[in-house]
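Below is one structure, written out as structure tokens; the observations come after it.
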Amino acid sequence: MQLTRRKPIITTLKPSNHPYLNGAWTPLHEEVDALDLEVIEGAIPLDIDGVYLRNTENQIHQPLGRYHPFDGDGMLHRIDFKNGRANYSNRFIRTRCFHAEQEAQASLWGGLMDRVDPSRRPGFGAHGSLKDSASTDVIVHAGKALATFYQCGEAYVVDPDTLETEGVAHWGPLDGVSAHPKVDERTGELMFFNYSKHAPYMHFGVVDASNKLTHYRPVPLPGPRLPHDMAFTENYVILNDFPLFWDPEALKLNAHVVRMHRDLPSRFAIVPRHGAGEIRWFEAAPTFVLHWTNAYEDGDEIVLDGYFQSNPEPGKFKDAPQGYEHMMGHLDEHTFGSRLHRWRFNLKDGSTKEETLDERILEFGTINQRYAGRKYRYAYSTTAKPGWFLFTGFVKHDLETGESESYQLGEGRYGSEAPFAPRIGAKDEDDGYLVSFVIDENAGKSECVILDAKDIAAGPVARIALPHKLCSGTHACWADRQFLAEGKRS
Ligand SMILES: [Fe+2]
């Protein structure tokens, strides 16, 4: 391996006992380029060709208030596979807020768990007082990586080869872009939404394969809501109005207190992907859903799969260090109870049917993106460590037969979201690999694992050493070399 370290980032973060600033959530401040990584076990398949991109949250400066991991500064990591070899690099996303805090050598914004008072400058997001760290999600569109923030910020354009931040997406509207814009690989289109505290509270937009905003329309809601993800089919997008949102009375005092309103249903908006056609609303059992796996049209019905939460307003995590009980409860899948679930919306008679597909606690699902918006068969979910926002392994579901198989990373080893990487010349839906970064707390190191999607239970076909220990984070994506090249051409 050939390693180049970049000039260090200025950090003012002090040691603490914060559960999300230590262990597998210890922020990384080093930026490197590493060529020809060492393979620890197995071999990198010759038929994997593309880039795995991962966004993590690494707080740089001493927080002004109570730190929440989603406040951390966004860092992109990439591992590039070609001809059985791998290269790695990582960079902070140079957002406006990153530059401002580097200049001030201090935090300038409070976080998700603070009142608005600590922020020393006007902030971003639907919340209005947060640092836009572009730290939540990463996708690839029109040949570029786009990093986005869950509370709606500017969509940051990053070169997928160098990880250089190039600026913000020119098409981003004033209300920002939420995390989880979706790309239809068959059309090259990007679909996005945003939400805010002012009417009409939500919008939906489309950016075409040549990076032009072609469609932007309001999707009116009854008040400020907290949607996190969207899904799409060939002709529609699916947006949501869940009964978990900021308490309206507290909002009048500029306090952001999330409450579950159990007397309200979950509402789903079926919005035409193009044109000003009618928005159809469907009702279902009250819940909150962080992430969808996929959606598709099936005759008169729209099928939507995602993770239904049985307890969207969780209490405290009892084993948390003092002062962190509430935050840890809200970050624990086992406390909010997320299970793979299917909704069916009948466009003919307006009815909704729903069912639980698996009783296990799962979230952070991925699919073969070539099947996004179309009938699909395989979903890959992650399992989580009870009490912690840490991924312990993966479950593959065959949604046709109901069968599943799983792989656990082992004690003290935590994965990252594992997108599907199609094999070169793939013939069927699960003909490819899952790629994940692993933080190994036993060894104090990180590695990359590649699993054969047709047999994840067999364990990794390759384990590749990474040059430093990563901090955990939220989302990741896979970009095929061919898809990247097509995007650049358009
Ligand atoms: Fe997310």
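Each chain in the structure tokens gets a letter, A, B, ..., in the order shown, and its residues are numbered from 1; ligands are numbered from 1 in order too.
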Neighbours of region 1-9 of chain A within 7 Å (only C-alpha atoms; same-chain residues fewer than 5 positions away dropped), as a short mmCIF file (atom, residue, chain, number, x, y, z; two decimals) with C-alpha atoms, in the first residue's frame?
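The new file out_5.cif reads:
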```cif
data_model
loop_
_atom_site.label_atom_id
_atom_site.label_comp_id
_atom_site.auth_asym_id
_atom_site.auth_seq_id
_atom_site.Cartn_x
_atom_site.Cartn_y
_atom_site.Cartn_z
CA HIS A 29 -9.88 13.96 11.41
CA GLU A 30 -7.23 12.56 9.09
CA GLU A 31 -7.53 12.73 5.29
CA VAL A 32 -5.51 10.25 3.19
CA ASP A 33 -5.06 8.69 -0.22
CA ALA A 34 -4.07 5.03 -0.23
CA LEU A 35 -3.16 3.07 -3.35
CA ASP A 36 -3.20 -0.69 -3.77
CA LEU A 37 -4.75 -1.75 -0.46
CA GLU A 38 -3.67 -4.95 1.25
#
```
Could you list, with a cut-off of 9 Å and counting only C-alpha atoms and all ligand atoms, the residues of chain A near ligand 1, each shown with its nearest atom pair and the distance in Å rounded to one decimal, rows sorted by chain and ascending number, as a Markdown table?
```
| residue | atom | partner | partner_atom_place_in_ligand_line | distance |
| --- | --- | --- | --- | --- |
| A:Thr136 | CA | ligand 1 | 1 (Fe) | 6.5 |
| A:Asp137 | CA | ligand 1 | 1 (Fe) | 6.6 |
| A:Tyr150 | CA | ligand 1 | 1 (Fe) | 6.9 |
| A:Ala179 | CA | ligand 1 | 1 (Fe) | 6.6 |
| A:His180 | CA | ligand 1 | 1 (Fe) | 6.5 |
| A:His228 | CA | ligand 1 | 1 (Fe) | 6.3 |
| A:Asp229 | CA | ligand 1 | 1 (Fe) | 6.6 |
| A:Leu290 | CA | ligand 1 | 1 (Fe) | 6.2 |
| A:His291 | CA | ligand 1 | 1 (Fe) | 6.2 |
| A:Phe364 | CA | ligand 1 | 1 (Fe) | 7.7 |
| A:Thr474 | CA | ligand 1 | 1 (Fe) | 6.7 |
| A:His475 | CA | ligand 1 | 1 (Fe) | 6.5 |
```
Name all residues at most 8 Å from Met327 (chain A) (count only C-alpha atoms; drop same-chain ones fewer than 4 positions away) and give them as an MDAnalysis selection string. chainID A and resid 68 316 331
DSSP says strand (DSSP E or B) for which residues of region 287-451 of chain A? Put them as a PyMOL selection string? chain A and resi 292-298+301-309+338-346+352-356+363-366+378-384+391-398+404-408+413-415+420-422+432-440+445-451
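Interatomic distance, CA of Pro69 (chain A) to CA of Asp358 (chain A): 28.5 Å.
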Residues within 10 Å of Ala372 (chain A), please, as a PyMOL selection string. Count only C-alpha atoms; anything in the same chain fewer than 4 positions from it doesn't count. chain A and resi 182-186+231-234+293-296+366-368+376
Take the selection from the previous step and output its residues with C-alpha atoms, as a PDB file, in the first residue's frame.
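Writing done, so here's again.pdb:
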```pdb
ATOM      1  CA  LYS A 182     -33.480   9.041  -5.538  1.00  0.00           C
ATOM      2  CA  VAL A 183     -31.911   8.243  -8.909  1.00  0.00           C
ATOM      3  CA  ASP A 184     -33.621   6.116 -11.539  1.00  0.00           C
ATOM      4  CA  GLU A 185     -30.655   4.465 -13.251  1.00  0.00           C
ATOM      5  CA  ARG A 186     -32.806   3.622 -16.293  1.00  0.00           C
ATOM      6  CA  ALA A 231     -39.678   6.088  -2.955  1.00  0.00           C
ATOM      7  CA  PHE A 232     -40.526   5.959  -6.645  1.00  0.00           C
ATOM      8  CA  THR A 233     -42.123   3.733  -9.276  1.00  0.00           C
ATOM      9  CA  GLU A 234     -42.061   4.071 -13.081  1.00  0.00           C
ATOM     10  CA  THR A 293     -36.271  -0.339   0.326  1.00  0.00           C
ATOM     11  CA  ASN A 294     -38.250   0.007  -2.927  1.00  0.00           C
ATOM     12  CA  ALA A 295     -41.650   0.583  -4.559  1.00  0.00           C
ATOM     13  CA  TYR A 296     -43.264  -0.589  -7.793  1.00  0.00           C
ATOM     14  CA  THR A 366     -30.421  -1.737   0.055  1.00  0.00           C
ATOM     15  CA  ILE A 367     -31.402  -3.278  -3.295  1.00  0.00           C
ATOM     16  CA  ASN A 368     -29.947  -3.753  -6.753  1.00  0.00           C
ATOM     17  CA  TYR A 376     -37.948  -6.652  -7.426  1.00  0.00           C
TER      18      TYR A 376
END
```
Just the helix (DSSP H, G or I) stuff from region 63-312 of chain A, please, per backbone DSSP, written as an MDAnalysis selection string. chainID A and resid 69:71 96:104 248:252
Tell me, as an MDAnalysis selection string, which residues lie within 6 Å of Arg78 (chain A), counting only C-alpha atoms; anything in the same chain fewer than 4 positions away does not count. chainID A and resid 52:53 88:89
Within 12 Å of Gly188 (chain A), counting only C-alpha atoms, which residues show up once you throw out same-chain ones fewer than 3 positions away? Write them as a VMD selection string, please. chain A and resid 140 to 143 182 to 185 191 206 to 212 369 to 370 372 483 to 490
Written selection (C-alpha atoms) as a short mmCIF file (atom, residue, chain, number, x, y, z; two decimals), in the first residue's frame:
```cif
data_model
loop_
_atom_site.label_atom_id
_atom_site.label_comp_id
_atom_site.auth_asym_id
_atom_site.auth_seq_id
_atom_site.Cartn_x
_atom_site.Cartn_y
_atom_site.Cartn_z
CA VAL A 140 -24.43 9.59 -7.61
CA HIS A 141 -26.20 11.57 -10.33
CA ALA A 142 -24.99 13.00 -13.66
CA GLY A 143 -21.50 11.66 -13.02
CA LYS A 182 -33.48 9.04 -5.54
CA VAL A 183 -31.91 8.24 -8.91
CA ASP A 184 -33.62 6.12 -11.54
CA GLU A 185 -30.66 4.47 -13.25
CA MET A 191 -36.05 12.89 -7.80
CA VAL A 206 -37.06 16.25 -10.73
CA VAL A 207 -33.59 16.89 -12.18
CA ASP A 208 -32.96 15.23 -15.54
CA ALA A 209 -29.95 13.21 -16.67
CA SER A 210 -28.26 16.37 -17.97
CA ASN A 211 -28.60 18.01 -14.51
CA LYS A 212 -31.45 20.41 -15.38
CA GLN A 369 -30.49 -0.15 -7.94
CA ARG A 370 -31.17 -1.36 -11.49
CA ALA A 372 -35.36 0.57 -8.22
CA PHE A 483 -23.00 4.35 -14.68
CA LEU A 484 -20.48 7.01 -13.60
CA ALA A 485 -19.14 7.31 -17.15
CA GLU A 486 -22.64 7.57 -18.66
CA GLY A 487 -23.48 10.30 -16.11
CA LYS A 488 -20.36 12.27 -16.99
CA ARG A 489 -21.18 12.07 -20.71
CA SER A 490 -24.71 13.40 -20.16
#
```
Hey, what's within 6 Å of Glu400 (chain A) if we count only C-alpha atoms and toss same-chain stuff fewer than 2 positions away? As a ChimeraX atom specification, please? /A:377,398,402
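Distance-wise, CA of Gly167 (chain A) and CA of Ser133 (chain A) end up 13.0 Å apart.
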Report, in Å with one decimal, the straight-line distance from CA of Tyr407 (chain A) to CA of Pro314 (chain A).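 Distance reported for this atom pair: 27.7 Å.
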I'd like to know which of A:Ser338, A:Thr56, A:Thr165, A:Gln62 is closest to Arg96 (chain A), using only C-alpha atoms.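 Smallest distance to Arg96 (chain A) is found for A:Thr165.
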Smallest atom-to-atom distance to Ala134 (chain A): which of A:Ala199, A:Asn55, A:Ala384, A:His61, using only C-alpha atoms? A:Asn55
Closest of A:Thr383, A:Gln105, A:Thr162, A:Asn83 to Asp332 (chain A), counting only C-alpha atoms, is A:Thr383
